[in-house]
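Okay, structure first, notes after.
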Amino acid sequence: MAKQYQTLGEFIIDNQADFPYSSGELSRLINSIRLAAKVVNHEVNKAGLVDIIGAYGETNIQGEDQQKLDVYANKKFIQTLTNREIVCGIASEENDDFITIAGCNNDHKNKYVVLMDPLDGSSNIDVNVSVGTIFSVYRRVTPIGTPATKEDFLQPGNKQVAAGYIIYGTSTMLVYTTGHGVNGFTLNPALGSWYLSHPDMKFPEEGRIYSINEGNYVHFPEGVKKYIKYCQEEKQDRPYTSRYIGSMVSDIHRNMIKGGIFIYPKSSKAFNGKLRLLYECNPMAFIIEQSGGKASDGYNRILDIEPTELHQRAPFFAGSKKMVEKAEEFMRKYQ
């Protein structure tokens, strides 16, 4: 008899008790994200056939060229979350500022804000490499009934109530946590349903993969250079294997399954690092910690950083716990 997999909808209903303070909004929010992900997945899968690949002709707030699919994904996620009237505000890597959502009665009664990177790694889309969506959810801190403010978004990562990513690859997966472990759901495109394919995902404590853009080696801090050489040494358990896709969702997803470390450090070209704290580092750090891994800026826990800007950047060392701790040793030794 074929194994029966639980659907995402069934899983959400069965786990309502994980967020007793919510009266259904968080469940509806996750449902909205899965719906938008299906729509974006459809466009990603046909990107090679229609004129949706390539640059949009504008740059985002980071000064990066926007891809057409970036803009499409951004609009779809904002549209879906807004129409469902679940959130009071949305902040996106693609937008200069956050969006306030009033609700149908202009009552500002919704409890949550969402921060997202609608299409991480989108420069890879026209070469058929996996890309992803990253999202982060917080309970607002300003009074219900008032418009959301920047204060609702500038919360440390340890205040997240949910976070996740969607990876659009050979199969499409939604991986998320509400602070009670990490679960992965695979989309059946024929039925349009998500099935629990990877329950209780765990980062191996040790791994043999390191993921870093070694093309920037000359710009890295000395501690990172020394750690890379350590990974390459001919020892009993080394050298490690170098695997770097250039799409953080894909790199971290692989490392979570196989064991490894992902590093995007600060450098002489990007003194504060390149990854965005609120849209990339915090949600990924929450997922990684919930799956038994570790995430830091090379010295301190990512989730404890107090953000001061919407588009703040941070160095990122994340993955198998012992590997991250070893990388931190090198960072402290060669400051």
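The chains in the structure tokens are called A, B, ... from first to last as shown; in each chain the residues are counted from 1, and the ligands are counted from 1 in the order shown.
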Restrict the calculation to only C-alpha atoms, then for each residue of stretch 206-291 of chain A with any atom at most 8 Å from an atom of stretch 179-197 of chain A give the closest atom pair and their distance in Å to one decimal, rows by chain and rising residue number, as a Markdown table.
```
| residue | atom | partner | partner_atom | distance |
| --- | --- | --- | --- | --- |
| A:Phe286 | CA | A:Gly179 | CA | 7.9 |
| A:Ile287 | CA | A:Val182 | CA | 6.6 |
| A:Gln290 | CA | A:Gly181 | CA | 5.1 |
| A:Ser291 | CA | A:Val182 | CA | 5.9 |
```
Written file, previous selection with C-alpha atoms, as a tab-separated table (two decimals), in the first residue's frame:
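As a result, selection.tsv now contains:
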```tsv
chain	number	residue	atom	x	y	z
A	286	PHE	CA	15.54	30.81	13.11
A	287	ILE	CA	15.09	27.78	10.84
A	290	GLN	CA	15.15	25.10	15.20
A	291	SER	CA	16.77	22.26	13.25
```
If you run DSSP over the backbone, which residues in stretch 116-259 of chain A end up alpha helix (DSSP H)? Put them as a ChimeraX atom specification. /A:150-153,222-232,248-258
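Within stretch 246-321 of chain A, DSSP applied to the backbone places the following residues in strand (DSSP E or B): Ile261, Phe262, Ile263, Tyr264, Arg276, Lys294, Ala295, Ser296, Arg301, Arg313, Phe316, Phe317, Ala318 and Gly319 of chain A.
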Only N, CA, C and O atoms, please: the residues just picked out, written as a compact mmCIF listing (two decimals), in the first residue's frame.
```
# COMPACT_ATOMS: atom_id res chain seq x y z
N ILE A 261 28.44 23.97 6.23
CA ILE A 261 28.43 25.35 6.69
C ILE A 261 28.31 26.29 5.49
O ILE A 261 28.89 26.04 4.43
N PHE A 262 27.53 27.34 5.66
CA PHE A 262 27.39 28.40 4.66
C PHE A 262 27.98 29.66 5.25
O PHE A 262 27.66 30.04 6.39
N ILE A 263 28.85 30.33 4.48
CA ILE A 263 29.49 31.55 4.98
C ILE A 263 29.36 32.66 3.95
O ILE A 263 29.71 32.48 2.78
N TYR A 264 28.84 33.80 4.39
CA TYR A 264 28.93 35.02 3.57
C TYR A 264 29.46 36.10 4.51
O TYR A 264 28.70 36.76 5.21
N ARG A 276 21.03 40.57 3.81
CA ARG A 276 20.18 41.43 4.61
C ARG A 276 19.77 40.71 5.90
O ARG A 276 19.29 39.57 5.87
N LYS A 294 23.45 26.17 13.96
CA LYS A 294 23.89 27.41 14.60
C LYS A 294 24.06 28.49 13.55
O LYS A 294 24.46 28.20 12.41
N ALA A 295 23.75 29.75 13.92
CA ALA A 295 23.91 30.89 13.00
C ALA A 295 24.47 32.08 13.76
O ALA A 295 23.94 32.47 14.80
N SER A 296 25.55 32.65 13.23
CA SER A 296 26.18 33.80 13.89
C SER A 296 26.74 34.75 12.85
O SER A 296 26.73 34.48 11.65
N ARG A 301 25.47 35.56 18.16
CA ARG A 301 24.24 34.95 17.65
C ARG A 301 23.47 35.94 16.77
O ARG A 301 23.19 37.07 17.19
N ARG A 313 22.56 45.07 6.73
CA ARG A 313 23.30 43.88 6.29
C ARG A 313 24.07 43.29 7.46
O ARG A 313 24.35 43.98 8.45
N PHE A 316 27.34 36.38 7.80
CA PHE A 316 26.51 35.23 8.10
C PHE A 316 27.32 33.94 8.05
O PHE A 316 27.90 33.59 7.02
N PHE A 317 27.39 33.24 9.19
CA PHE A 317 28.04 31.93 9.32
C PHE A 317 26.95 30.99 9.85
O PHE A 317 26.49 31.16 10.98
N ALA A 318 26.54 30.01 9.06
CA ALA A 318 25.38 29.23 9.46
C ALA A 318 25.48 27.79 8.99
O ALA A 318 25.97 27.51 7.90
N GLY A 319 24.99 26.88 9.84
CA GLY A 319 24.96 25.49 9.42
C GLY A 319 25.18 24.53 10.58
O GLY A 319 24.73 24.77 11.71
```
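Each of A:Thr178, A:Asn106, A:Asp120, A:Thr133 was checked against A:Ala17 using only C-alpha atoms; the smallest atom-to-atom distance is that of A:Thr178.
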One number please: atom CA of A:Ala163 to atom CA of A:Asp107, in Å, one decimal.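 Those two atoms sit 26.0 Å apart.
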For A:Ile302, which of A:Met256, A:Leu81, A:Glu222, A:Lys159 is the closest residue, counting only C-alpha atoms? A:Lys159
All residues 9 Å or closer to A:Ile257, only C-alpha atoms, same chain fewer than 5 positions away omitted, as a list in words: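 Residues near the query, excluding close chain neighbours: Met201, Lys202, Phe203, Pro204 and Ile252 of chain A.
Nearest residue to A:Ala91 among A:Lys46, A:Lys68, A:Lys333, A:His311 is A:His311, counting only C-alpha atoms.
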Computed interatomic separation between atom CA of A:Pro239 and atom CA of A:Tyr334 (Å):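 Atom-to-atom, atom CA of A:Pro239 to atom CA of A:Tyr334, that is 21.3 Å.
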I want to know what sits within 9 Å of A:Asn41, based on only C-alpha atoms, with residues of the same chain fewer than 5 positions away left out; could you give that as a list in words?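 Here the answer would be Ala36, Lys46, Tyr168 and Thr172 of chain A.
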Mind dumping the selected residues with N, CA and C atoms as a CSV table (one decimal), in the first residue's frame?
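Written output follows (selection_35.csv):
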```csv
chain,number,residue,atom,x,y,z
A,36,ALA,N,0.6,31.8,-2.7
A,36,ALA,CA,1.5,32.7,-3.5
A,36,ALA,C,2.7,31.9,-4.0
A,46,LYS,N,8.1,28.1,-16.0
A,46,LYS,CA,8.0,28.4,-17.4
A,46,LYS,C,8.9,29.6,-17.8
A,168,TYR,N,12.5,26.6,-5.2
A,168,TYR,CA,12.0,26.2,-6.5
A,168,TYR,C,13.1,25.4,-7.3
A,172,THR,N,9.5,21.4,-5.8
A,172,THR,CA,9.3,22.7,-5.1
A,172,THR,C,8.9,22.3,-3.6
```
In Å, rounded to a single decimal, give me how far atom CA of A:Gly293 is from atom CA of A:Lys321.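 Answer for the atom CA of A:Lys321 to atom CA of A:Gly293 separation: 4.8 Å.
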So that I can check the surroundings of A:Gly215, please list as a ChimeraX atom specification every protein, DNA and RNA residue that reaches within 12 Å of it, counting only C-alpha atoms and ignoring chain neighbours fewer than 2 positions away. /A:211-213,217-220,225,244,246,264,267
File dump, residues just selected, C-alpha atoms, as a PDB file, in the first residue's frame:
```
ATOM      1  CA  SER A 211      29.783  26.881   0.969  1.00  0.00           C
ATOM      2  CA  ILE A 212      31.430  30.226   0.285  1.00  0.00           C
ATOM      3  CA  ASN A 213      32.219  32.337  -2.762  1.00  0.00           C
ATOM      4  CA  TYR A 217      39.021  35.158  -1.163  1.00  0.00           C
ATOM      5  CA  VAL A 218      41.448  38.098  -1.372  1.00  0.00           C
ATOM      6  CA  HIS A 219      38.800  40.382   0.173  1.00  0.00           C
ATOM      7  CA  PHE A 220      37.973  38.117   3.145  1.00  0.00           C
ATOM      8  CA  LYS A 225      40.958  32.736   4.931  1.00  0.00           C
ATOM      9  CA  TYR A 244      28.531  27.000  -3.647  1.00  0.00           C
ATOM     10  CA  GLY A 246      25.048  31.364  -5.278  1.00  0.00           C
ATOM     11  CA  TYR A 264      28.926  35.020   3.574  1.00  0.00           C
ATOM     12  CA  SER A 267      34.926  41.737   3.253  1.00  0.00           C
TER      13      SER A 267
END
```
I'd like to know which of A:Val44, A:Ala102, A:Leu119, A:Leu154 is closest to A:Asn74, using only C-alpha atoms. A:Leu119
Compile the contact shell of A:His108 as a ChimeraX atom specification: residues with an atom at most 8 Å away, counting only C-alpha atoms, same-chain residues fewer than 3 positions apart removed. /A:88,101-103,144-148
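The nearest approach to A:Tyr240 among the residues A:Gly273, A:Gly121, A:Gly223, A:Gly259, with only C-alpha atoms taken into account, belongs to A:Gly259.
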I want to know what sits within 9 Å of A:Leu29, based on only C-alpha atoms, with residues of the same chain fewer than 6 positions away left out; could you give that as an MDAnalysis selection string? chainID A and resid 81 84 86:87 112
Residues just named, written with N, CA, C and O atoms as a JSON list (two decimals), in the first residue's frame:
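After the write, out_14.json holds the following:
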```json
[["chain", "number", "residue", "atom", "x", "y", "z"],
["A", 81, "LEU", "N", -1.01, 38.41, 0.42],
["A", 81, "LEU", "CA", -1.06, 38.71, 1.85],
["A", 81, "LEU", "C", -2.01, 39.88, 2.13],
["A", 81, "LEU", "O", -2.71, 39.90, 3.14],
["A", 84, "ARG", "N", -5.85, 38.82, 1.72],
["A", 84, "ARG", "CA", -6.37, 37.95, 2.77],
["A", 84, "ARG", "C", -6.60, 38.70, 4.09],
["A", 84, "ARG", "O", -7.12, 38.14, 5.04],
["A", 86, "ILE", "N", -4.62, 39.64, 6.63],
["A", 86, "ILE", "CA", -4.06, 38.93, 7.77],
["A", 86, "ILE", "C", -2.97, 39.76, 8.44],
["A", 86, "ILE", "O", -2.77, 39.69, 9.65],
["A", 87, "VAL", "N", -2.25, 40.55, 7.65],
["A", 87, "VAL", "CA", -1.10, 41.29, 8.17],
["A", 87, "VAL", "C", -1.38, 42.79, 8.20],
["A", 87, "VAL", "O", -2.19, 43.30, 7.42],
["A", 112, "TYR", "N", 0.03, 40.75, 12.70],
["A", 112, "TYR", "CA", 1.33, 40.30, 12.23],
["A", 112, "TYR", "C", 1.93, 41.20, 11.16],
["A", 112, "TYR", "O", 1.21, 41.87, 10.41]]
```
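Ranking A:Ile166, A:Leu278, A:Met173, A:Ile245 by their shortest atom-to-atom distance to A:Val114, with only C-alpha atoms included, puts A:Leu278 first.
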